[in-house]
$ cat model-v4.pdb   # PDB, C-alpha atoms, pLDDT in the B column
ATOM      1  CA  MET A  13       0.000   0.000   0.000  1.00 61.00           C
ATOM      2  CA  VAL A  14       2.788   2.438   0.942  1.00 61.00           C
ATOM      3  CA  LYS A  15       4.642   1.636  -2.312  1.00 63.00           C
ATOM      4  CA  LYS A  16       1.515   2.448  -4.319  1.00 68.00           C
ATOM      5  CA  ILE A  17       1.365   5.901  -2.715  1.00 71.00           C
ATOM      6  CA  LEU A  18       5.107   6.693  -2.708  1.00 69.00           C
ATOM      7  CA  LEU A  19       5.762   5.865  -6.355  1.00 71.00           C
ATOM      8  CA  PRO A  20       3.155   8.283  -7.809  1.00 75.00           C
ATOM      9  CA  ALA A  21       4.118  10.951  -5.252  1.00 74.00           C
ATOM     10  CA  PHE A  22       7.774  10.620  -6.263  1.00 72.00           C
ATOM     11  CA  PHE A  23       6.784  10.854  -9.938  1.00 72.00           C
ATOM     12  CA  VAL A  24       4.768  14.047  -9.284  1.00 75.00           C
ATOM     13  CA  LEU A  25       7.710  15.587  -7.369  1.00 77.00           C
ATOM     14  CA  LEU A  26      10.066  14.714 -10.208  1.00 73.00           C
ATOM     15  CA  ILE A  27       7.819  16.433 -12.768  1.00 81.00           C
ATOM     16  CA  ALA A  28       7.442  19.493 -10.499  1.00 78.00           C
ATOM     17  CA  ALA A  29      11.241  19.765 -10.158  1.00 77.00           C
ATOM     18  CA  GLN A  30      11.667  19.625 -13.931  1.00 81.00           C
ATOM     19  CA  TRP A  31       9.309  22.591 -14.323  1.00 82.00           C
ATOM     20  CA  TYR A  32      10.685  24.519 -11.360  1.00 79.00           C
ATOM     21  CA  VAL A  33      14.328  24.706 -12.531  1.00 77.00           C
ATOM     22  CA  PRO A  34      13.739  26.413 -15.928  1.00 76.00           C
ATOM     23  CA  ALA A  35      10.987  28.618 -14.470  1.00 78.00           C
ATOM     24  CA  ASP A  36      13.374  29.760 -11.726  1.00 79.00           C
ATOM     25  CA  MET A  37      16.101  30.551 -14.298  1.00 77.00           C
ATOM     26  CA  VAL A  38      13.667  32.712 -16.302  1.00 75.00           C
ATOM     27  CA  MET A  39      12.480  34.486 -13.144  1.00 80.00           C
ATOM     28  CA  GLN A  40      16.071  35.201 -12.050  1.00 82.00           C
ATOM     29  CA  SER A  41      16.956  36.656 -15.468  1.00 81.00           C
ATOM     30  CA  THR A  42      13.830  38.808 -15.481  1.00 84.00           C
ATOM     31  CA  LYS A  43      14.631  40.056 -11.970  1.00 84.00           C
ATOM     32  CA  VAL A  44      18.198  41.017 -12.930  1.00 85.00           C
ATOM     33  CA  ILE A  45      17.052  42.915 -16.030  1.00 86.00           C
ATOM     34  CA  ALA A  46      14.175  44.651 -14.219  1.00 87.00           C
ATOM     35  CA  ASN A  47      16.160  45.707 -11.151  1.00 89.00           C
ATOM     36  CA  GLY A  48      19.803  45.724 -12.225  1.00 87.00           C
ATOM     37  CA  GLN A  49      22.000  48.708 -12.978  1.00 84.00           C
ATOM     38  CA  LEU A  50      22.248  49.123 -16.755  1.00 86.00           C
ATOM     39  CA  MET A  51      25.850  49.283 -18.016  1.00 84.00           C
ATOM     40  CA  ARG A  52      26.999  49.634 -21.648  1.00 86.00           C
ATOM     41  CA  PHE A  53      29.933  47.387 -22.593  1.00 84.00           C
ATOM     42  CA  LYS A  54      31.709  48.354 -25.821  1.00 82.00           C
ATOM     43  CA  CYS A  55      32.104  45.542 -28.338  1.00 79.00           C
ATOM     44  CA  ALA A  56      35.236  44.695 -30.297  1.00 74.00           C
ATOM     45  CA  PRO A  57      35.675  42.643 -33.490  1.00 67.00           C
ATOM     46  CA  VAL A  58      35.269  38.871 -33.235  1.00 63.00           C
ATOM     47  CA  ASP A  59      37.410  36.299 -35.027  1.00 53.00           C
ATOM     48  CA  PRO A  60      35.419  35.857 -38.253  1.00 47.00           C
ATOM     49  CA  LYS A  61      36.080  32.107 -38.268  1.00 45.00           C
ATOM     50  CA  ASP A  62      33.773  31.518 -35.301  1.00 45.00           C
ATOM     51  CA  PRO A  63      31.438  34.469 -34.691  1.00 50.00           C
ATOM     52  CA  PHE A  64      28.282  32.383 -34.339  1.00 51.00           C
ATOM     53  CA  ARG A  65      27.440  29.147 -32.622  1.00 53.00           C
ATOM     54  CA  GLY A  66      23.879  28.044 -32.883  1.00 59.00           C
ATOM     55  CA  SER A  67      21.495  30.904 -32.235  1.00 75.00           C
ATOM     56  CA  TYR A  68      23.633  33.387 -30.366  1.00 79.00           C
ATOM     57  CA  ILE A  69      26.157  36.061 -31.231  1.00 82.00           C
ATOM     58  CA  VAL A  70      29.556  35.774 -29.595  1.00 81.00           C
ATOM     59  CA  LEU A  71      30.368  39.226 -28.234  1.00 85.00           C
ATOM     60  CA  ASN A  72      33.967  40.280 -27.859  1.00 83.00           C
ATOM     61  CA  LEU A  73      33.761  42.876 -25.097  1.00 86.00           C
ATOM     62  CA  GLU A  74      36.387  45.541 -24.603  1.00 85.00           C
ATOM     63  CA  ASN A  75      37.676  46.624 -21.190  1.00 86.00           C
ATOM     64  CA  ARG A  76      37.993  43.146 -19.646  1.00 91.00           C
ATOM     65  CA  ALA A  77      41.542  43.924 -18.526  1.00 92.00           C
ATOM     66  CA  PHE A  78      42.476  45.399 -15.166  1.00 94.00           C
ATOM     67  CA  PRO A  79      46.066  46.325 -14.172  1.00 94.00           C
ATOM     68  CA  LEU A  80      47.014  44.657 -10.908  1.00 94.00           C
ATOM     69  CA  PRO A  81      48.918  46.412  -8.144  1.00 90.00           C
ATOM     70  CA  PRO A  82      52.506  45.308  -7.413  1.00 88.00           C
ATOM     71  CA  ASN A  83      52.816  42.370  -5.005  1.00 88.00           C
ATOM     72  CA  HIS A  84      49.200  41.319  -5.592  1.00 90.00           C
ATOM     73  CA  ASP A  85      48.038  37.824  -4.653  1.00 92.00           C
ATOM     74  CA  PHE A  86      45.387  37.291  -7.349  1.00 95.00           C
ATOM     75  CA  GLN A  87      45.439  33.966  -9.237  1.00 94.00           C
ATOM     76  CA  SER A  88      44.035  32.819 -12.586  1.00 95.00           C
ATOM     77  CA  GLY A  89      40.669  31.126 -12.089  1.00 95.00           C
ATOM     78  CA  GLU A  90      40.081  32.906  -8.778  1.00 96.00           C
ATOM     79  CA  ARG A  91      36.582  34.191  -7.918  1.00 96.00           C
ATOM     80  CA  VAL A  92      36.485  37.992  -7.619  1.00 97.00           C
ATOM     81  CA  TYR A  93      34.008  40.826  -7.228  1.00 96.00           C
ATOM     82  CA  VAL A  94      34.134  43.569  -9.853  1.00 95.00           C
ATOM     83  CA  SER A  95      32.820  47.103  -9.526  1.00 93.00           C
ATOM     84  CA  PHE A  96      32.414  49.371 -12.549  1.00 92.00           C
ATOM     85  CA  GLU A  97      32.373  53.034 -13.392  1.00 91.00           C
ATOM     86  CA  THR A  98      31.390  54.873 -16.544  1.00 90.00           C
ATOM     87  CA  ASP A  99      34.001  56.467 -18.804  1.00 90.00           C
ATOM     88  CA  SER A 100      33.617  59.840 -20.541  1.00 91.00           C
ATOM     89  CA  ALA A 101      31.879  58.191 -23.533  1.00 88.00           C
ATOM     90  CA  GLY A 102      29.319  56.457 -21.289  1.00 89.00           C
ATOM     91  CA  PHE A 103      30.767  52.939 -21.455  1.00 90.00           C
ATOM     92  CA  ALA A 104      31.438  50.656 -18.521  1.00 92.00           C
ATOM     93  CA  LYS A 105      35.006  50.185 -17.357  1.00 91.00           C
ATOM     94  CA  ILE A 106      36.392  48.255 -14.419  1.00 94.00           C
ATOM     95  CA  LYS A 107      36.823  50.390 -11.330  1.00 93.00           C
ATOM     96  CA  ALA A 108      38.152  47.757  -8.914  1.00 93.00           C
ATOM     97  CA  ILE A 109      38.358  44.035  -8.250  1.00 95.00           C
ATOM     98  CA  SER A 110      38.282  42.438  -4.844  1.00 94.00           C
ATOM     99  CA  LYS A 111      38.514  38.989  -3.302  1.00 94.00           C
ATOM    100  CA  VAL A 112      36.121  40.046  -0.567  1.00 93.00           C
ATOM    101  CA  LYS A 113      32.390  40.196  -1.210  1.00 88.00           C
ATOM    102  CA  PRO A 114      31.312  43.836  -0.754  1.00 88.00           C
ATOM    103  CA  ARG A 115      28.530  44.674   1.675  1.00 85.00           C
ATOM    104  CA  ASN A 116      26.462  46.341  -1.018  1.00 80.00           C
ATOM    105  CA  MET A 117      26.507  43.795  -3.854  1.00 79.00           C
ATOM    106  CA  ARG A 118      23.727  45.471  -5.869  1.00 85.00           C
ATOM    107  CA  GLU A 119      25.923  46.802  -8.707  1.00 86.00           C
ATOM    108  CA  VAL A 120      28.926  44.495  -8.329  1.00 93.00           C
ATOM    109  CA  LEU A 121      29.578  41.536 -10.624  1.00 95.00           C
ATOM    110  CA  GLU A 122      30.704  38.198  -9.193  1.00 95.00           C
ATOM    111  CA  THR A 123      32.995  36.476 -11.698  1.00 95.00           C
ATOM    112  CA  LYS A 124      36.490  34.983 -12.001  1.00 96.00           C
ATOM    113  CA  ILE A 125      39.873  35.930 -13.377  1.00 96.00           C
ATOM    114  CA  ASP A 126      40.267  34.270 -16.764  1.00 94.00           C
ATOM    115  CA  TYR A 127      44.046  34.701 -16.831  1.00 94.00           C
ATOM    116  CA  ILE A 128      46.839  37.034 -15.722  1.00 94.00           C
ATOM    117  CA  SER A 129      49.165  38.454 -18.365  1.00 93.00           C
ATOM    118  CA  ASN A 130      52.628  39.947 -17.978  1.00 89.00           C
ATOM    119  CA  GLU A 131      52.735  43.187 -19.941  1.00 82.00           C
ATOM    120  CA  GLU A 132      55.961  45.193 -19.848  1.00 81.00           C
ATOM    121  CA  ASP A 133      56.559  46.017 -16.171  1.00 84.00           C
ATOM    122  CA  LYS A 134      53.106  45.110 -14.829  1.00 89.00           C
ATOM    123  CA  GLN A 135      50.613  42.271 -14.581  1.00 93.00           C
ATOM    124  CA  VAL A 136      47.096  42.568 -15.971  1.00 94.00           C
ATOM    125  CA  ALA A 137      44.083  40.455 -14.975  1.00 95.00           C
ATOM    126  CA  PHE A 138      41.678  39.554 -17.775  1.00 95.00           C
ATOM    127  CA  LEU A 139      38.227  38.931 -16.373  1.00 95.00           C
ATOM    128  CA  ASP A 140      35.751  36.322 -17.524  1.00 94.00           C
ATOM    129  CA  PHE A 141      32.563  38.300 -18.152  1.00 93.00           C
ATOM    130  CA  PRO A 142      29.625  35.860 -18.014  1.00 90.00           C
ATOM    131  CA  PHE A 143      27.705  37.825 -20.657  1.00 88.00           C
ATOM    132  CA  SER A 144      29.560  37.196 -23.909  1.00 86.00           C
ATOM    133  CA  ARG A 145      26.604  35.686 -25.780  1.00 85.00           C
ATOM    134  CA  PHE A 146      23.467  37.370 -27.057  1.00 85.00           C
ATOM    135  CA  TYR A 147      20.758  34.844 -27.873  1.00 82.00           C
ATOM    136  CA  MET A 148      18.387  35.380 -30.785  1.00 81.00           C
ATOM    137  CA  GLU A 149      15.806  33.439 -32.736  1.00 78.00           C
ATOM    138  CA  GLU A 150      17.544  31.121 -35.144  1.00 76.00           C
ATOM    139  CA  PHE A 151      16.149  32.539 -38.403  1.00 77.00           C
ATOM    140  CA  LYS A 152      17.498  36.004 -37.482  1.00 80.00           C
ATOM    141  CA  ALA A 153      21.002  34.706 -36.818  1.00 73.00           C
ATOM    142  CA  PRO A 154      22.621  35.055 -40.276  1.00 73.00           C
ATOM    143  CA  VAL A 155      21.467  38.648 -40.739  1.00 81.00           C
ATOM    144  CA  ALA A 156      22.354  39.624 -37.162  1.00 83.00           C
ATOM    145  CA  GLU A 157      25.781  37.994 -37.498  1.00 79.00           C
ATOM    146  CA  LYS A 158      26.619  40.010 -40.600  1.00 82.00           C
ATOM    147  CA  MET A 159      25.326  43.288 -39.141  1.00 85.00           C
ATOM    148  CA  TYR A 160      27.249  42.821 -35.889  1.00 84.00           C
ATOM    149  CA  ASN A 161      30.524  41.862 -37.577  1.00 81.00           C
ATOM    150  CA  ASP A 162      30.313  44.708 -40.106  1.00 84.00           C
ATOM    151  CA  ALA A 163      29.588  47.190 -37.325  1.00 84.00           C
ATOM    152  CA  VAL A 164      32.466  46.184 -35.030  1.00 83.00           C
ATOM    153  CA  GLN A 165      34.960  46.072 -37.907  1.00 82.00           C
ATOM    154  CA  SER A 166      34.264  49.709 -38.789  1.00 76.00           C
ATOM    155  CA  ASP A 167      32.937  50.843 -35.433  1.00 61.00           C
ATOM    156  CA  THR A 168      32.782  54.428 -34.295  1.00 64.00           C
ATOM    157  CA  GLY A 169      31.566  53.562 -30.798  1.00 60.00           C
ATOM    158  CA  ASN A 170      27.992  52.717 -31.743  1.00 80.00           C
ATOM    159  CA  THR A 171      28.150  48.958 -31.093  1.00 87.00           C
ATOM    160  CA  TYR A 172      27.767  47.851 -27.506  1.00 90.00           C
ATOM    161  CA  ALA A 173      26.010  45.366 -25.235  1.00 91.00           C
ATOM    162  CA  MET A 174      23.335  46.563 -22.809  1.00 93.00           C
ATOM    163  CA  VAL A 175      24.094  44.628 -19.622  1.00 94.00           C
ATOM    164  CA  HIS A 176      22.184  44.758 -16.335  1.00 94.00           C
ATOM    165  CA  ILE A 177      24.131  44.014 -13.141  1.00 93.00           C
ATOM    166  CA  TYR A 178      22.260  43.091  -9.971  1.00 92.00           C
ATOM    167  CA  TYR A 179      23.650  41.462  -6.806  1.00 90.00           C
ATOM    168  CA  GLY A 180      26.539  39.680  -8.494  1.00 91.00           C
ATOM    169  CA  LYS A 181      24.641  38.509 -11.573  1.00 92.00           C
ATOM    170  CA  ALA A 182      24.539  40.024 -15.072  1.00 93.00           C
ATOM    171  CA  ARG A 183      22.213  39.667 -18.057  1.00 92.00           C
ATOM    172  CA  ILE A 184      22.280  41.160 -21.555  1.00 91.00           C
ATOM    173  CA  SER A 185      19.005  42.807 -22.515  1.00 90.00           C
ATOM    174  CA  ASN A 186      20.058  43.820 -26.032  1.00 90.00           C
ATOM    175  CA  VAL A 187      22.923  44.756 -28.338  1.00 90.00           C
ATOM    176  CA  VAL A 188      23.135  48.158 -30.017  1.00 90.00           C
ATOM    177  CA  VAL A 189      24.498  48.142 -33.577  1.00 88.00           C
ATOM    178  CA  LYS A 190      25.141  51.453 -35.343  1.00 83.00           C
ATOM    179  CA  GLY A 191      23.091  53.245 -32.710  1.00 83.00           C
ATOM    180  CA  LYS A 192      20.041  50.970 -33.077  1.00 87.00           C
ATOM    181  CA  LEU A 193      18.855  48.012 -31.000  1.00 88.00           C
ATOM    182  CA  LEU A 194      19.668  44.765 -32.801  1.00 85.00           C
ATOM    183  CA  SER A 195      16.158  43.477 -32.093  1.00 80.00           C
ATOM    184  CA  ASP A 196      14.690  46.566 -33.833  1.00 84.00           C
ATOM    185  CA  PHE A 197      16.276  45.597 -37.149  1.00 81.00           C
ATOM    186  CA  PHE A 198      13.702  42.772 -37.277  1.00 80.00           C
ATOM    187  CA  THR A 199      10.616  44.808 -36.298  1.00 76.00           C
ATOM    188  CA  ASN A 200       8.902  47.910 -37.588  1.00 64.00           C
ATOM    189  CA  LYS A 201       8.765  49.580 -34.184  1.00 58.00           C
ATOM    190  CA  PRO A 202      11.935  51.351 -33.049  1.00 57.00           C
ATOM    191  CA  SER A 203      12.672  51.241 -29.323  1.00 58.00           C
ATOM    192  CA  LYS A 204      13.941  54.150 -27.288  1.00 57.00           C
ATOM    193  CA  LEU A 205      17.531  53.621 -26.155  1.00 59.00           C
ATOM    194  CA  SER A 206      18.225  54.163 -22.457  1.00 52.00           C
ATOM    195  CA  PRO A 207      21.444  56.018 -21.529  1.00 50.00           C
TER     196      PRO A 207
END

$ encode --input "model-v4.pdb" --output "structure tokens"
Amino acid sequence: MVKKILLPAFFVLLIAAQWYVPADMVMQSTKVIANGQLMRFKCAPVDPKDPFRGSYIVLNLENRAFPLPPNHDFQSGERVYVSFETDSAGFAKIKAISKVKPRNMREVLETKIDYISNEEDKQVAFLDFPFSRFYMEEFKAPVAEKMYNDAVQSDTGNTYAMVHIYYGKARISNVVVKGKLLSDFFTNKPSKLSP
């Protein structure tokens, strides 16, 4: 009798868990975009041999490098907390990295050091930004790929990713190409760009 009750109950719990995980991921992304601090990350050209994989654009973001102080103890692969500031052109740039989780994590990104490079007389940490892919519907991919690559090859500062940062997490809401939202190239309604 107990087996007859436990087996269906287990099956129902298993199905509920399968629905909960993707629903929670969508809710977390929506929360980050709705509440996160919007930062603009300037894009750089991508190796044309592999700019697209499936239905997302691979974004090569500028300003991932941060010069380390002398006698630092940072390591490649280490988890760090990154705070940003805005440069004179309105793009995000790294303000500081820390091993210690800040008290106010609202606008700080939790990530890791991809690698540390020796450049002349200093060491530079290259950070692994977890927002280097912009997902799109598959039929839009070839057109979006060409537009993005053309724009970053001859860019005048009008190609960038719109990234929201909220309590350690980050999500891309859109990519701006030649001053226009990439998603707007496929609709008749232009969106208003936020600063």

$ closest_residue --input "model-v4.pdb" --among "A:Leu19, A:Val44, A:Ala163, A:Ala28" --to "Ser185 in chain A" --atoms "all atoms listed in the file"
A:Val44

$ axis_aligned_box --input "model-v4.pdb" --around "range 139-146 of chain A" --padding-each-side "6 Å" --output "lines of an AutoDock Vina configuration file"
center_x = 30.8
center_y = 37.3
center_z = -21.7
size_x = 26.8
size_y = 15.2
size_z = 22.7

$ closest_residue --input "model-v4.pdb" --among "A:Ala35, A:Met117, A:Leu139, A:Ile125" --to "Lys105 in chain A" --atoms "all atoms listed in the file"
A:Leu139

$ closest_residue --input "model-v4.pdb" --among "A:Gln165, A:Gln40, A:Asn116, A:Gln135" --to "Asn72 in chain A" --atoms "all atoms listed in the file"
A:Gln165

$ closest_residue --input "model-v4.pdb" --among "A:His176, A:Arg145, A:Lys181, A:Lys111" --to "Met51 in chain A" --atoms "only C-alpha atoms"
A:His176

$ resolve_selection --input "model-v4.pdb" --expression "the PyMOL selection byres ((chain A and resi 80-86) around 8)" --output "MDAnalysis selection string"
chainID A and resid 78:79 87:88 90 134:137

$ write_last_selection --input "model-v4.pdb" --atoms "C-alpha atoms" --output "PDB file, in the frame of the given file"
ATOM      1  CA  PHE A  78      42.476  45.399 -15.166  1.00 94.00           C
ATOM      2  CA  PRO A  79      46.066  46.325 -14.172  1.00 94.00           C
ATOM      3  CA  GLN A  87      45.439  33.966  -9.237  1.00 94.00           C
ATOM      4  CA  SER A  88      44.035  32.819 -12.586  1.00 95.00           C
ATOM      5  CA  GLU A  90      40.081  32.906  -8.778  1.00 96.00           C
ATOM      6  CA  LYS A 134      53.106  45.110 -14.829  1.00 89.00           C
ATOM      7  CA  GLN A 135      50.613  42.271 -14.581  1.00 93.00           C
ATOM      8  CA  VAL A 136      47.096  42.568 -15.971  1.00 94.00           C
ATOM      9  CA  ALA A 137      44.083  40.455 -14.975  1.00 95.00           C
TER      10      ALA A 137
END

$ residues_around --input "model-v4.pdb" --residues "range 154-157 of chain A" --least-positions-apart "3" --cutoff "10 Å" --atoms "all atoms listed in the file" --output "list of chain:residue names"
A:Pro60, A:Pro63, A:Phe64, A:Ser67, A:Tyr68, A:Ile69, A:Val70, A:Met148, A:Glu150, A:Phe151, A:Tyr160, A:Asn161, A:Asp162, A:Ala163, A:Val189, A:Leu194, A:Ser195, A:Phe197, A:Phe198

$ atom_distance --input "model-v4.pdb" --atom1 "CA of Phe146 in chain A" --atom2 "CA of Met174 in chain A"
10.1 Å

$ build_atoms --input "model-v4.pdb" --residues "range 91-102 of chain A" --atoms "all heavy atoms" --output "short mmCIF file (atom, residue, chain, number, x, y, z; two decimals), in the coordinates of the input"
data_model
loop_
_atom_site.label_atom_id
_atom_site.label_comp_id
_atom_site.auth_asym_id
_atom_site.auth_seq_id
_atom_site.Cartn_x
_atom_site.Cartn_y
_atom_site.Cartn_z
N ARG A 91 37.85 33.45 -7.97
CA ARG A 91 36.58 34.19 -7.92
C ARG A 91 36.84 35.58 -7.36
O ARG A 91 37.52 35.72 -6.35
CB ARG A 91 35.58 33.46 -7.03
CG ARG A 91 34.24 34.16 -6.97
CD ARG A 91 33.09 33.25 -6.69
NE ARG A 91 33.01 32.09 -7.54
CZ ARG A 91 32.55 32.08 -8.79
NH1 ARG A 91 32.17 33.18 -9.36
NH2 ARG A 91 32.49 30.96 -9.48
N VAL A 92 36.30 36.60 -8.04
CA VAL A 92 36.48 37.99 -7.62
C VAL A 92 35.17 38.75 -7.76
O VAL A 92 34.23 38.28 -8.41
CB VAL A 92 37.59 38.71 -8.44
CG1 VAL A 92 38.96 38.14 -8.14
CG2 VAL A 92 37.29 38.68 -9.93
N TYR A 93 35.16 39.93 -7.16
CA TYR A 93 34.01 40.83 -7.23
C TYR A 93 34.46 42.09 -7.94
O TYR A 93 35.46 42.70 -7.56
CB TYR A 93 33.48 41.12 -5.83
CG TYR A 93 33.05 39.85 -5.14
CD1 TYR A 93 33.93 39.13 -4.33
CD2 TYR A 93 31.77 39.35 -5.33
CE1 TYR A 93 33.55 37.96 -3.73
CE2 TYR A 93 31.37 38.17 -4.73
CZ TYR A 93 32.27 37.48 -3.93
OH TYR A 93 31.88 36.30 -3.34
N VAL A 94 33.73 42.47 -8.99
CA VAL A 94 34.13 43.57 -9.85
C VAL A 94 33.14 44.72 -9.74
O VAL A 94 31.93 44.51 -9.89
CB VAL A 94 34.19 43.11 -11.33
CG1 VAL A 94 34.71 44.21 -12.22
CG2 VAL A 94 35.05 41.86 -11.47
N SER A 95 33.66 45.91 -9.48
CA SER A 95 32.82 47.10 -9.53
C SER A 95 33.20 47.90 -10.77
O SER A 95 34.33 47.84 -11.24
CB SER A 95 32.98 47.94 -8.27
OG SER A 95 34.31 48.37 -8.12
N PHE A 96 32.23 48.65 -11.29
CA PHE A 96 32.41 49.37 -12.55
C PHE A 96 32.16 50.85 -12.35
O PHE A 96 31.50 51.27 -11.42
CB PHE A 96 31.44 48.84 -13.62
CG PHE A 96 31.67 47.41 -13.98
CD1 PHE A 96 30.97 46.40 -13.34
CD2 PHE A 96 32.58 47.06 -14.96
CE1 PHE A 96 31.17 45.07 -13.67
CE2 PHE A 96 32.80 45.73 -15.30
CZ PHE A 96 32.08 44.73 -14.64
N GLU A 97 32.69 51.62 -13.28
CA GLU A 97 32.37 53.03 -13.39
C GLU A 97 32.15 53.32 -14.87
O GLU A 97 32.41 52.47 -15.72
CB GLU A 97 33.48 53.90 -12.81
CG GLU A 97 34.83 53.74 -13.47
CD GLU A 97 35.94 54.49 -12.73
OE1 GLU A 97 35.64 55.18 -11.76
OE2 GLU A 97 37.09 54.36 -13.15
N THR A 98 31.67 54.50 -15.16
CA THR A 98 31.39 54.87 -16.54
C THR A 98 32.46 55.83 -17.03
O THR A 98 32.81 56.79 -16.34
CB THR A 98 30.00 55.54 -16.63
OG1 THR A 98 29.04 54.65 -16.05
CG2 THR A 98 29.61 55.80 -18.06
N ASP A 99 32.98 55.57 -18.25
CA ASP A 99 34.00 56.47 -18.80
C ASP A 99 33.34 57.69 -19.43
O ASP A 99 32.11 57.83 -19.42
CB ASP A 99 34.91 55.72 -19.79
CG ASP A 99 34.20 55.27 -21.06
OD1 ASP A 99 33.07 55.73 -21.34
OD2 ASP A 99 34.78 54.45 -21.80
N SER A 100 34.13 58.58 -20.00
CA SER A 100 33.62 59.84 -20.54
C SER A 100 32.67 59.63 -21.73
O SER A 100 31.84 60.48 -22.01
CB SER A 100 34.77 60.75 -20.96
OG SER A 100 35.54 60.11 -21.96
N ALA A 101 32.77 58.48 -22.41
CA ALA A 101 31.88 58.19 -23.53
C ALA A 101 30.62 57.44 -23.10
O ALA A 101 29.78 57.12 -23.93
CB ALA A 101 32.63 57.39 -24.59
N GLY A 102 30.51 57.13 -21.80
CA GLY A 102 29.32 56.46 -21.29
C GLY A 102 29.40 54.94 -21.26
O GLY A 102 28.40 54.27 -21.02
#
